[in-house]
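**Q** To start, I am sharing the structure in question, which I have written as structure tokens.
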Amino acid sequence: MTINSVTMAPDLALSPVKHSRDPRPGFADHLKATLENTNDLQFQAKTAMEELATGRNGNIHETLLSMSKAETSFKMVMQVRNKVLNAYQEVLRMQM
């Protein structure tokens with residue numbers, strides 16, 4: 001277990017808890033897969049824009065479609081992040 005140098009608290013994000021009896025992927029697994037997919041879509045959009053700009057690919061429709069997919073995926077990730085942060089802040093406000 002690592003210690004976060006800012007808060008001197010255990011860094012729980014680096015030590016995921018897996019229940020051996022539950023083979024289903026957890027929230028962290030889904031989040032990681034979504035982030036990887038979003039990163040791939042961002043890379044594909046960047047590549048499509050570069051190919052369109054250099055003239056290697058003249059299909060503007062595919063370029064705009066890949067850019068739109070990347071933008072939508074990024075917006076979804078940001079909304080999930082915002083919801084998780086709001087939930088975390090709400091938990092911090094709870095009185096024990």
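Residue numbering restarts at 1 for every chain of the structure tokens, chains are lettered A, B, ... in their displayed order, and ligands are numbered from 1 as they appear.
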Residues at most 6 Å from segment 65-72 of chain A, counting only C-alpha atoms, excluding those fewer than 6 positions away in the same chain, as an MDAnalysis selection string?

**A** chainID A and resid 41:42 45

**Q** Pick out the residues sitting within 8 Å of segment 23-39 of chain A, and hand them over as a list in words; count only C-alpha atoms, and ignore anything fewer than 2 positions along from it in its own chain.

**A** His19, Ser20, Arg21, Leu41, Gln42, Phe43, Ala70, Ser73, Phe74 and Val77 of chain A

**Q** For the residues selected in the previous step, produce a file with C-alpha atoms as a PDB file, in the first residue's frame.

**A**
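Okay, this is what ended up in out04.pdb:
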ATOM      1  CA  HIS A  19     -13.654 -10.303  -4.098  1.00  0.00           C
ATOM      2  CA  SER A  20     -12.616 -13.777  -5.202  1.00  0.00           C
ATOM      3  CA  ARG A  21     -16.202 -15.069  -5.303  1.00  0.00           C
ATOM      4  CA  LEU A  41     -11.113   7.569 -29.982  1.00  0.00           C
ATOM      5  CA  GLN A  42      -9.109  10.756 -29.302  1.00  0.00           C
ATOM      6  CA  PHE A  43      -6.070   9.238 -31.031  1.00  0.00           C
ATOM      7  CA  ALA A  70     -14.193  11.403 -29.598  1.00  0.00           C
ATOM      8  CA  SER A  73     -16.959  10.046 -25.425  1.00  0.00           C
ATOM      9  CA  PHE A  74     -14.919  12.763 -23.721  1.00  0.00           C
ATOM     10  CA  VAL A  77     -16.217  10.765 -19.204  1.00  0.00           C
TER      11      VAL A  77
END

**Q** So what do you get for atom CA of Leu64 of chain A versus atom CA of Glu50 of chain A, distance-wise?

**A** 12.2 Å

**Q** Could you tell me how far atom CA of Asn82 of chain A sits from atom CA of Met49 of chain A, in Å to one decimal place?

**A**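 Result for atom CA of Met49 of chain A versus atom CA of Asn82 of chain A: 28.8 Å, one decimal.
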
**Q** Run DSSP on the backbone of this structure and report the residues of segment 4-91 of chain A it assigns to helix (DSSP H, G or I), as an NGL selection string.

**A** :A and (12-14 or 27-54 or 60-91)

**Q** Once you have the residues from the selection above, write them out as a tab-separated table (two decimals), in the first residue's frame, restricted to C-alpha atoms.

**A**
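Wrote again-v5.tsv, looks like this:
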chain	number	residue	atom	x	y	z
A	12	LEU	CA	-6.70	3.32	-2.07
A	13	ALA	CA	-6.87	3.91	-5.81
A	14	LEU	CA	-3.63	1.97	-6.28
A	27	PHE	CA	-16.81	-0.10	-11.40
A	28	ALA	CA	-13.07	0.50	-11.60
A	29	ASP	CA	-12.76	-2.04	-14.43
A	30	HIS	CA	-15.57	-0.36	-16.39
A	31	LEU	CA	-14.07	3.05	-15.75
A	32	LYS	CA	-10.63	1.92	-16.91
A	33	ALA	CA	-12.08	0.37	-20.08
A	34	THR	CA	-14.06	3.54	-20.81
A	35	LEU	CA	-10.99	5.73	-20.33
A	36	GLU	CA	-8.95	3.51	-22.64
A	37	ASN	CA	-11.72	3.62	-25.25
A	38	THR	CA	-11.94	7.41	-24.98
A	39	ASN	CA	-8.18	7.67	-25.39
A	40	ASP	CA	-8.33	5.46	-28.49
A	41	LEU	CA	-11.11	7.57	-29.98
A	42	GLN	CA	-9.11	10.76	-29.30
A	43	PHE	CA	-6.07	9.24	-31.03
A	44	GLN	CA	-8.17	8.11	-34.03
A	45	ALA	CA	-9.67	11.60	-34.37
A	46	LYS	CA	-6.22	13.20	-34.20
A	47	THR	CA	-4.91	10.79	-36.83
A	48	ALA	CA	-7.91	11.43	-39.10
A	49	MET	CA	-7.44	15.21	-38.80
A	50	GLU	CA	-3.74	14.91	-39.63
A	51	GLU	CA	-4.47	12.71	-42.65
A	52	LEU	CA	-7.12	15.12	-43.88
A	53	ALA	CA	-4.81	18.11	-43.42
A	54	THR	CA	-1.92	16.45	-45.25
A	60	ILE	CA	-14.11	14.71	-44.59
A	61	HIS	CA	-17.19	12.77	-43.46
A	62	GLU	CA	-15.15	10.06	-41.78
A	63	THR	CA	-12.93	12.69	-40.18
A	64	LEU	CA	-15.90	14.59	-38.77
A	65	LEU	CA	-17.49	11.36	-37.58
A	66	SER	CA	-14.34	10.30	-35.71
A	67	MET	CA	-14.06	13.78	-34.16
A	68	SER	CA	-17.70	13.64	-33.08
A	69	LYS	CA	-17.25	10.20	-31.50
A	70	ALA	CA	-14.19	11.40	-29.60
A	71	GLU	CA	-15.98	14.53	-28.40
A	72	THR	CA	-19.07	12.61	-27.24
A	73	SER	CA	-16.96	10.05	-25.43
A	74	PHE	CA	-14.92	12.76	-23.72
A	75	LYS	CA	-18.06	14.61	-22.62
A	76	MET	CA	-19.44	11.39	-21.14
A	77	VAL	CA	-16.22	10.77	-19.20
A	78	MET	CA	-16.32	14.31	-17.87
A	79	GLN	CA	-19.93	13.89	-16.72
A	80	VAL	CA	-19.06	10.64	-14.93
A	81	ARG	CA	-16.12	12.41	-13.29
A	82	ASN	CA	-18.36	15.25	-12.17
A	83	LYS	CA	-20.94	12.83	-10.72
A	84	VAL	CA	-18.26	10.87	-8.85
A	85	LEU	CA	-16.77	14.07	-7.43
A	86	ASN	CA	-20.21	15.30	-6.36
A	87	ALA	CA	-20.93	11.98	-4.65
A	88	TYR	CA	-17.55	12.09	-2.91
A	89	GLN	CA	-18.17	15.64	-1.71
A	90	GLU	CA	-21.60	14.62	-0.46
A	91	VAL	CA	-20.07	11.75	1.52
